[in-house]
Structure formats: structure tokens, C-alpha cells
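Here is the structure we will look at, set down as C-alpha cells.
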Amino acid sequence: MAIKWTPDLTVGLEHIDAQHKILFEKIDNLFEAGRSGKSKEVIGETLEFLDAYTKQHFRDEELYMANIKYPHLDQQKAAHKSFIEQIAKLKQEYNQSGGNILLIINANQTLVKWLTQHISVMDKQIGIYAKNLKK
Ligand SMILES: [Fe+2]
């Protein structure tokens with residue numbers, strides 16, 4: 001089953017929602033690469049793409065929060081940091097294992113769960129805050 005962004009994850013800010021969709025796509029690409037038994041090189045590359053995009057997205061999101069003077073930026077930064085560390089750990093374990101696909105397949109659940117939770121609980125608050133600013 002493909003991993004997909006679902007409309008209930010909307011935070012109400014177009015640029016953030018668009019990036020969240022892509023983030024889900026990147027996780028799905030990784031999952032599919034693992035599931036279909038792609039080579040270590042291809043999976044390694046997919047993992048790099050996910051890592052790079054995640055960092056990019058968090059940077060953009062943090063910049064936006066700073067711009068609107070979002071009061072919980074520090075909490076967000078800490079959460080983002082821990083997710084980036086999870087990906088770094090996965091990359092390291094994957095490389096050290098010599099390309100164990102199971103590591104990738106199992107990690108997907110954790111990544112999707114974290115992201116879903118983070119968006120639902122923390123990112124939606126950014127949308128609510130931004131909306132109130134416009135009133
Ligand atoms: Fe966030």
C-alpha cells in the first residue's frame with residue numbers, strides 16, 4: 001500500500017501543505033524502492049533525496065514561523081532536529097548493514113507515524129496561528 005498524504009493533514013497554508021505532500025512522496029519512494037528490492041545504490045540515493053528534502057522543508061517551515069513570529073518555534077525546531085537525527089541514524093544503519101532492505105521497510109512505519117503525528121499535532125497549530133493573524 002502506497003504511503004500518501006491525506007487531506008485531513010491539511011494545515012491550511014498552501015506552501016507548507018505542498019511540501020508535506022512531497023515529503024510523503026519521498027517516503028513512499030523509499031518504501032517502494034525497498035519493497036521492490038532495488039539496488040543498494042538506488043535505495044541509498046532515495047534515502048539521500050528524502051534526507052535533503054526533509055532538511056529543506058524544515059528550513060522553509062522554520063523561516064516561515066520566524067517571519068510570522070510563531071511562539072512555538074523552539075519546540076518545532078527541536079522536533080525537526082530529532083526527525084533529522086532519525087533519518088541520519090537510518091542512513092548510517094543502512095550503510096553499515098551493507099544494504100539491509102528490511103531496515104528500510106521497517107523504518108517507513110516509524111517515519112510516516114512521526115510525520116503524521118507531527119503535522120496533526122504541531123504543524124496544524126501554525127496554520128491556526130497564521131489564520132488568526134489575518135483577522
Ligand atoms: Fe514542523
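The way I read the labels, and the way they are meant: chains A, B, ... in the order of the C-alpha cells, residue 1 as the first residue of every chain, and ligand 1 as the first ligand shown, with later ones counted on from there.
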
Proximity check chain A to ligand 1, 12 Å, nearest pairs one decimal Å, only C-alpha atoms and all ligand atoms, as a Markdown table:
| residue | atom | partner | partner_atom_place_in_ligand_line | distance |
| --- | --- | --- | --- | --- |
| A:Val11 | CA | ligand 1 | 1 (Fe) | 10.5 |
| A:Ile16 | CA | ligand 1 | 1 (Fe) | 9.1 |
| A:Asp17 | CA | ligand 1 | 1 (Fe) | 11.0 |
| A:Gln19 | CA | ligand 1 | 1 (Fe) | 10.9 |
| A:His20 | CA | ligand 1 | 1 (Fe) | 9.5 |
| A:Leu23 | CA | ligand 1 | 1 (Fe) | 11.8 |
| A:Thr54 | CA | ligand 1 | 1 (Fe) | 10.2 |
| A:Lys55 | CA | ligand 1 | 1 (Fe) | 10.9 |
| A:Gln56 | CA | ligand 1 | 1 (Fe) | 11.7 |
| A:His57 | CA | ligand 1 | 1 (Fe) | 8.6 |
| A:Phe58 | CA | ligand 1 | 1 (Fe) | 6.5 |
| A:Arg59 | CA | ligand 1 | 1 (Fe) | 9.6 |
| A:Asp60 | CA | ligand 1 | 1 (Fe) | 9.8 |
| A:Glu61 | CA | ligand 1 | 1 (Fe) | 6.6 |
| A:Glu62 | CA | ligand 1 | 1 (Fe) | 7.6 |
| A:Leu63 | CA | ligand 1 | 1 (Fe) | 11.1 |
| A:Tyr64 | CA | ligand 1 | 1 (Fe) | 10.7 |
| A:Met65 | CA | ligand 1 | 1 (Fe) | 9.5 |
| A:Tyr70 | CA | ligand 1 | 1 (Fe) | 11.8 |
| A:His72 | CA | ligand 1 | 1 (Fe) | 10.3 |
| A:Leu73 | CA | ligand 1 | 1 (Fe) | 9.0 |
| A:Asp74 | CA | ligand 1 | 1 (Fe) | 10.6 |
| A:Gln75 | CA | ligand 1 | 1 (Fe) | 9.1 |
| A:Gln76 | CA | ligand 1 | 1 (Fe) | 5.5 |
| A:Lys77 | CA | ligand 1 | 1 (Fe) | 7.6 |
| A:Ala78 | CA | ligand 1 | 1 (Fe) | 9.5 |
| A:Ala79 | CA | ligand 1 | 1 (Fe) | 7.2 |
| A:His80 | CA | ligand 1 | 1 (Fe) | 6.2 |
| A:Lys81 | CA | ligand 1 | 1 (Fe) | 10.0 |
| A:Ser82 | CA | ligand 1 | 1 (Fe) | 11.1 |
| A:Phe83 | CA | ligand 1 | 1 (Fe) | 9.8 |
| A:Ile84 | CA | ligand 1 | 1 (Fe) | 11.5 |
| A:Trp114 | CA | ligand 1 | 1 (Fe) | 10.7 |
| A:Leu115 | CA | ligand 1 | 1 (Fe) | 8.6 |
| A:Thr116 | CA | ligand 1 | 1 (Fe) | 10.5 |
| A:Gln117 | CA | ligand 1 | 1 (Fe) | 10.1 |
| A:His118 | CA | ligand 1 | 1 (Fe) | 6.4 |
| A:Ile119 | CA | ligand 1 | 1 (Fe) | 6.5 |
| A:Ser120 | CA | ligand 1 | 1 (Fe) | 9.7 |
| A:Val121 | CA | ligand 1 | 1 (Fe) | 9.4 |
| A:Met122 | CA | ligand 1 | 1 (Fe) | 6.4 |
| A:Asp123 | CA | ligand 1 | 1 (Fe) | 5.1 |
| A:Lys124 | CA | ligand 1 | 1 (Fe) | 8.9 |
| A:Gln125 | CA | ligand 1 | 1 (Fe) | 9.7 |
| A:Ile126 | CA | ligand 1 | 1 (Fe) | 8.6 |
| A:Gly127 | CA | ligand 1 | 1 (Fe) | 11.0 |

Could those selected residues go to a file with C-alpha atoms, as a CSV table (one decimal), in the first residue's frame?
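out12.csv was written with the following content:
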chain,number,residue,atom,x,y,z
A,11,VAL,CA,-2.5,22.8,7.9
A,16,ILE,CA,3.5,24.0,3.7
A,17,ASP,CA,0.9,21.6,2.6
A,19,GLN,CA,5.8,20.4,0.8
A,20,HIS,CA,4.2,17.9,3.1
A,23,LEU,CA,7.6,14.7,1.8
A,54,THR,CA,13.3,17.0,4.8
A,55,LYS,CA,16.1,19.4,5.7
A,56,GLN,CA,14.9,21.8,3.0
A,57,HIS,CA,11.3,21.6,4.2
A,58,PHE,CA,12.2,22.1,7.8
A,59,ARG,CA,14.3,25.1,6.9
A,60,ASP,CA,11.5,26.7,4.9
A,61,GLU,CA,8.9,26.0,7.6
A,62,GLU,CA,11.2,27.4,10.4
A,63,LEU,CA,11.8,30.5,8.3
A,64,TYR,CA,8.1,31.0,7.8
A,65,MET,CA,7.4,30.5,11.5
A,70,TYR,CA,5.2,32.0,15.7
A,72,HIS,CA,6.4,27.8,19.4
A,73,LEU,CA,9.3,27.9,17.0
A,74,ASP,CA,11.8,26.4,19.5
A,75,GLN,CA,9.6,23.4,20.1
A,76,GLN,CA,9.2,22.9,16.3
A,77,LYS,CA,13.0,23.2,15.9
A,78,ALA,CA,13.6,20.6,18.5
A,79,ALA,CA,11.1,18.2,16.9
A,80,HIS,CA,12.6,18.8,13.4
A,81,LYS,CA,16.1,18.1,14.8
A,82,SER,CA,15.0,14.8,16.2
A,83,PHE,CA,13.4,13.7,12.9
A,84,ILE,CA,16.6,14.7,11.0
A,114,TRP,CA,6.2,10.5,13.2
A,115,LEU,CA,5.3,12.8,10.3
A,116,THR,CA,1.6,12.2,10.6
A,117,GLN,CA,1.7,12.9,14.3
A,118,HIS,CA,3.9,16.0,13.9
A,119,ILE,CA,1.7,17.5,11.2
A,120,SER,CA,-1.5,16.7,13.1
A,121,VAL,CA,-0.4,18.0,16.5
A,122,MET,CA,2.3,20.7,15.9
A,123,ASP,CA,2.0,21.9,12.3
A,124,LYS,CA,-1.7,22.4,12.3
A,125,GLN,CA,-1.1,25.0,15.1
A,126,ILE,CA,1.0,27.1,12.7
A,127,GLY,CA,-2.0,27.2,10.4

What's around Ile101 of chain A at 12 Å? Count only C-alpha atoms, leave out sequence neighbours fewer than 3 positions away in its own chain, and write the answer as a compact mmCIF listing (two decimals) with C-alpha atoms, in the first residue's frame.
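Dumped everything to out-v4.txt:
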# COMPACT_ATOMS: atom_id res chain seq x y z
CA LEU A 30 11.93 5.00 -0.33
CA PHE A 31 9.39 2.41 0.75
CA GLU A 32 8.74 1.34 -2.82
CA ALA A 33 12.45 1.11 -3.56
CA GLY A 34 12.85 -1.16 -0.54
CA ARG A 35 9.77 -3.22 -1.26
CA SER A 36 10.66 -3.84 -4.88
CA GLY A 37 14.19 -4.82 -3.92
CA LYS A 38 16.03 -2.01 -5.67
CA SER A 39 19.80 -1.98 -5.52
CA LYS A 40 21.75 -0.62 -2.58
CA GLU A 41 22.79 2.33 -4.75
CA VAL A 42 19.22 3.23 -5.72
CA ILE A 43 17.96 2.93 -2.15
CA GLY A 44 20.93 4.89 -0.88
CA LEU A 47 17.38 7.94 1.19
CA LEU A 90 18.68 5.16 9.40
CA LYS A 91 21.21 6.16 6.76
CA GLU A 93 22.46 1.75 9.91
CA TYR A 94 21.56 1.06 6.29
CA ASN A 95 25.10 1.69 5.10
CA SER A 97 24.38 -3.22 7.32
CA GLY A 98 25.63 -3.35 3.75
CA ILE A 104 14.22 0.48 5.18
CA ILE A 105 10.87 -1.25 5.14
CA ASN A 106 10.59 -1.22 8.92
CA ALA A 107 11.71 2.39 9.22
CA ASN A 108 8.94 3.58 6.95

For this session: Quick one: pick out all alpha helix (DSSP H) residues within chain A from a backbone DSSP run and write them as a VMD selection string.
Result: chain A and resid 14 to 35 40 to 67 73 to 96 101 to 118 124 to 134

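Of note, atom CA of Gln109 of chain A and atom CA of Asp28 of chain A are spaced 10.6 Å apart.
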
Problem set entry | Residue with smallest distance to Thr46 of chain A - pool A:Val112, A:Ala130, A:Leu9, A:Ile87, counting only C-alpha atoms |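 Closest to Thr46 of chain A, using only C-alpha atoms: A:Ile87.
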
Problem set entry | Length of the atom CA of Gln86 of chain A to atom CA of Asp51 of chain A vector [Å] | 9.9 Å
